[in-house]
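Asker: Mind looking over this structure? Questions follow.
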Amino acid sequence: MFVEFPLPRVSLDPMITSLHSITLLLLCVAHVGTLAQNVPQSFDRRALHESPQSRRTEVTMVEERLRPFYHGVASGDPLSDRVIIWTRVTPQGGDTLIPVAYAVATDTTFTNVVARGVTSASVNRDFTVKVDVDGLQAGTAYYYVFSAYNRSSLIGRTRTLSDGQQAHARLAVVSCANYPSGYFNAYAGIARRNDLDAVLHLGDYIYEYDADSTSYGGATGIALKRQHEPINEIVTLSDYRIRYSQYRLDADLRRLHQQHPMIHVWDDHESANDAYTDGAQNHQPNEGSWSIRKAVSKRVCYEWMPTREQPDSVLYRRFVLGNLVDLFMLDTRLDGRDIQVEGVSSNASQASKDSLNDPTRKIMSEKQFIWLTQGLSSSTTTWRLLGNQVMFTPVEVNPIDTAYLFANIGPIFSLFLRPQLPTLQQTFELGFRGDVWTNYPAQRNRLLESLRNDNVRNLLVATGDFHCAFAFEYPVQTPFAQSTLPVEFITPSISAPNFDETLSTVSAVRSIVPAIIGTIDTTLRGLNQHLKWHDIIHHGYEILDITPERAQCDWFFYDSILVRPSPERWVRSYVTQLNQSKLSSVSTVANGKLQQDVPAPLDPPSTILRVDDTPPSCVTILGYGPVPADHVMSISYVVSAPVMVSYVITDTRGVIVRTSTAALEHGMRSLVVEMTDLTQGMYTITVTSPCGIQHVPLVVRR
Ligand SMILES: [Fe+2]
């Protein structure tokens, strides 16, 4: 036989990895050879990062009018009384510490300022600035601005969550934006909306791949002049920072951040493809230590995203939208996840099946699992919502619809493809059972049991990762009754390739791509009654619209991601009524919220906003070390005016092991923390001052 199936694992998304296997299979069928392996290239683009004016503007869209805030502004993690505001200051000359003023107001002209202060952009955090502004009113729109180097940033708009009664919640749901694959038209559409409480980003905010033409979206990136920067796969601290910088220079993403608060969780590509606690499919031994790369990716994500930072870099967290929605943002990637089992097909070995069903295998740490199940059980809101990375609902794709396939690919392709059916079948099964909750049945079933035992109802699951749109009821299986089962809405990708784009990379088989897409469609429809609707070829986003009576998901698609702009169109809506756990199609989009906030202006203010007249006392931590340390650690900081601060040291369980207060003088100082009374292990120092809370990791090793 002429066909061999080494099925090399190249750097692709989980589902796309399987698609790529299909592509390779088709390549073999078509006698056109194999795809080239990605070759990591080393090229330090750090200099470009630090001097954005010198960048190729067609790629990075640096706009001089925004200087020195080229990356715009952002806000995120809103609570009822506070929200994170963010910016980045591009340094001039050799500056390593830049004073930055900020103000928050209820109007775009800043006549009613409710908070202001001074902080700094330091080289230690790549000149990113993050402030947790508190003392705000619930359910209220605010505008914020930064100033540095005698210039103002764009004005951002944000919104706090409601407190108490809430009649209407409305969230945009997005995931999977691969820069070289196309324009972020869906981000632009969301930026134009005026009816959102927040944007949920379910991960793959960046992709880690290189800029090679054979890489993920690489050829399209070359055609569109949207190649990844740096051009190598990102591995180092500098690499990850440059990649975030590139994405944040995209005008559509910048506008989205300017207009709406974002609640983000990482999926795998914020670190590397198919990441889990102890490794990743796309991390190789010659790329250094995984634990270091993982820590670097987390660090840079926290630098660049408007996310509230928690001790030990824990990302999973909870948001309460009044009495209406309890939102649990999960981390199913880097917090306790075991490596996925690859042998998941119906003819997998018994050893693989035993491994798959190992009761100790986890998709999240036990600590997170307990946090989730206890939180769901004690939740008192009308609805519960999971911000989830990988597909939760089980899907059957065995057997594939060969009748449809062979009726539509013609005799020549049929002749060559028939012998490969077992491999094709196996590939499909891995695609839908590999990198998903189904690969972790023990913990998924424990979660379902917890829902049943505690009578947790009205659970919605919002999922990303798969690059396609799905509307799922959960299949009713003994012993789980319908009433406590979730419904799941999966959002399409912003731009990362889906089925047709990946398959079409092989020109020799492009003519049968519609037949393969049709086969996947008919297979899914024929074997999954609980799958109410799906689309595997379009890009866009979801609107999740929730009232006390029902939760509705509206899908919006874009005609193209290869031109900018592209028309947005509503395509489908599904609704679940209270206590039903069932989905039904509806023929119109949900009505927008009545309260419409004034959008933030598209241009920075023409005059410098005086936001730094009366800065409050403020502490900025500049650095700390050594890490680990044995007996003492130093924390260097800047204090803008004399201030009292408190220090709390907690261990990894959250137990307080020391508290103290200190009066800090004006200027740049350092604090020496004695640790002779601490046992070996990891701790967190929480520094609380009038301008916010900051965390410093402390590692004691003797
Ligand atoms: Fe993705």
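Please note that chains go A, B, ... in the order of the structure tokens, that every chain numbers its residues from 1, and that ligands are numbered from 1 in the order shown.
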For ligand 1, list the contacting residues at 12 Å or closer, counting only C-alpha atoms and all ligand atoms, as a ChimeraX atom specification.
Answerer: /A:11-17,174-179,181,201-209,216-217,266-275,389-391,435,463-468,491-498,539
Asker: Using DSSP assignments from the backbone, pull out every residue in stretch 177-343 of chain A that falls under strand (DSSP E or B) and give it to me as a PyMOL selection string.
Answerer: chain A and resi 198-201+261-264+275-276+279-280+317-321+325-329
Asker: Counting only C-alpha atoms, figure out which residue out of A:Leu66, A:Leu253, A:Leu372, A:Val199 gets nearest to A:Arg151.
Answerer: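 With only C-alpha atoms as the atom set, the closest residue is A:Leu66.
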Asker: Atom CA of A:Ala167 to atom CA of A:Ile190: how many Å, to one decimal?
Answerer: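 Computing it gives 21.8 Å between the two atoms.
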Asker: Please determine, counting only C-alpha atoms, which residue among A:Pro475, A:Gly336, A:Pro626, A:Pro91 has the shortest atom-to-atom distance to A:Leu527.
Answerer: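 Nearest candidate to A:Leu527 out of A:Pro475, A:Gly336, A:Pro626, A:Pro91: A:Pro475.
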Asker: When you draw a straight line from atom CA of A:Gln680 to atom CA of A:Arg702, how long is it in Å?
Answerer: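 The value is 6.5 Å.
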Asker: As JSON, numbers by chain, list the residues of stretch 210-365 of chain A assigned to alpha helix (DSSP H) by DSSP on the backbone atoms of this structure.
Answerer: {"A": [218, 219, 220, 221, 222, 223, 224, 237, 238, 239, 240, 241, 242, 243, 244, 245, 246, 247, 248, 251, 252, 253, 254, 255, 256, 257, 258, 259, 290, 291, 292, 293, 294, 295, 296, 297, 298, 299, 300, 301, 302, 303, 304, 350, 351, 352, 353, 354, 355, 356]}
Asker: Can you write out as a tab-separated table which residues of stretch 357-438 of chain A fall within 9 Å of stretch 339-344 of chain A, alongside each residue's closest atom pair and its distance in Å to one decimal, counting only C-alpha atoms and ordering rows by chain and ascending residue number?
Answerer:
residue	atom	partner	partner_atom	distance
A:Arg361	CA	A:Ile339	CA	8.7
A:Lys362	CA	A:Ile339	CA	8.8
A:Ile363	CA	A:Ile339	CA	8.7
A:Gln426	CA	A:Val344	CA	8.2
A:Glu429	CA	A:Val344	CA	6.9
A:Leu430	CA	A:Val344	CA	6.1
A:Arg433	CA	A:Val344	CA	6.4
A:Gly434	CA	A:Glu342	CA	6.2
A:Asp435	CA	A:Gln340	CA	6.5
A:Val436	CA	A:Gln340	CA	8.6
Asker: Store the residues of this selection in a file with N, CA and C atoms, as an mmCIF file, in the first residue's frame.
Answerer:
data_model
loop_
_atom_site.group_PDB
_atom_site.id
_atom_site.type_symbol
_atom_site.label_atom_id
_atom_site.label_comp_id
_atom_site.auth_asym_id
_atom_site.auth_seq_id
_atom_site.Cartn_x
_atom_site.Cartn_y
_atom_site.Cartn_z
ATOM 1 N N ARG A 361 -7.759 10.656 37.621
ATOM 2 C CA ARG A 361 -7.367 11.633 36.601
ATOM 3 C C ARG A 361 -8.210 12.898 36.726
ATOM 4 N N LYS A 362 -7.575 14.049 36.485
ATOM 5 C CA LYS A 362 -8.233 15.330 36.743
ATOM 6 C C LYS A 362 -8.080 16.277 35.566
ATOM 7 N N ILE A 363 -9.102 17.094 35.377
ATOM 8 C CA ILE A 363 -8.994 18.219 34.447
ATOM 9 C C ILE A 363 -8.743 19.510 35.219
ATOM 10 N N GLN A 426 -10.829 6.906 13.569
ATOM 11 C CA GLN A 426 -10.039 7.120 14.784
ATOM 12 C C GLN A 426 -9.712 8.598 14.962
ATOM 13 N N GLU A 429 -12.726 10.502 16.198
ATOM 14 C CA GLU A 429 -13.015 10.218 17.605
ATOM 15 C C GLU A 429 -12.044 10.953 18.524
ATOM 16 N N LEU A 430 -10.769 11.003 18.113
ATOM 17 C CA LEU A 430 -9.806 11.741 18.929
ATOM 18 C C LEU A 430 -10.170 13.220 18.959
ATOM 19 N N ARG A 433 -13.012 13.547 21.491
ATOM 20 C CA ARG A 433 -12.862 12.946 22.816
ATOM 21 C C ARG A 433 -11.479 13.186 23.418
ATOM 22 N N GLY A 434 -10.632 13.892 22.687
ATOM 23 C CA GLY A 434 -9.277 14.071 23.169
ATOM 24 C C GLY A 434 -9.161 15.184 24.180
ATOM 25 N N ASP A 435 -9.107 16.396 23.676
ATOM 26 C CA ASP A 435 -8.830 17.544 24.531
ATOM 27 C C ASP A 435 -10.132 18.147 25.063
ATOM 28 N N VAL A 436 -10.974 17.347 25.677
ATOM 29 C CA VAL A 436 -12.282 17.824 26.156
ATOM 30 C C VAL A 436 -12.590 17.159 27.498
#
Asker: Residues within 10 Å of A:Gln310, please, as a PDB file with C-alpha atoms, in the first residue's frame. Count only C-alpha atoms; anything in the same chain fewer than 3 positions from it doesn't count.
Answerer:
ATOM      1  CA  TYR A 302      -1.035  38.919  34.203  1.00  0.00           C
ATOM      2  CA  THR A 307      -7.164  40.531  35.387  1.00  0.00           C
ATOM      3  CA  SER A 313      -1.058  32.878  40.174  1.00  0.00           C
ATOM      4  CA  VAL A 314      -4.431  31.146  40.621  1.00  0.00           C
ATOM      5  CA  LEU A 315      -6.754  32.218  37.816  1.00  0.00           C
ATOM      6  CA  TYR A 316     -10.093  30.546  38.577  1.00  0.00           C
ATOM      7  CA  ARG A 317     -12.437  33.015  40.215  1.00  0.00           C
ATOM      8  CA  THR A 684       2.278  35.239  49.560  1.00  0.00           C
ATOM      9  CA  THR A 686      -0.169  40.905  50.553  1.00  0.00           C
ATOM     10  CA  GLN A 694      -0.438  44.096  45.769  1.00  0.00           C
ATOM     11  CA  HIS A 695       0.868  40.574  46.094  1.00  0.00           C
TER      12      HIS A 695
END
Asker: Point out the residue among A:Trp86, A:Tyr541, A:Tyr70, A:Phe146 with the least atom-to-atom distance to A:Val129, counting only C-alpha atoms.
Answerer: A:Trp86
Asker: Using only C-alpha atoms, pick whichever of A:Pro604, A:Gly681, A:Pro306, A:Pro394 has the shortest atom-to-atom distance to A:Asn528.
Answerer: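 With only C-alpha atoms as the atom set, the closest residue is A:Pro394.
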Asker: Of the residues A:Gly387, A:Pro78, A:Pro548, A:Pro311, which is the one nearest to A:Phe489, using only C-alpha atoms?
Answerer: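 Of the candidates, the smallest distance to A:Phe489 is held by A:Gly387.
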Asker: Please determine, counting only C-alpha atoms, which residue among A:Leu671, A:Val320, A:Ala442, A:Leu664 has the shortest atom-to-atom distance to A:Asp81.
Answerer: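 Closest to A:Asp81 of all the choices is A:Val320.
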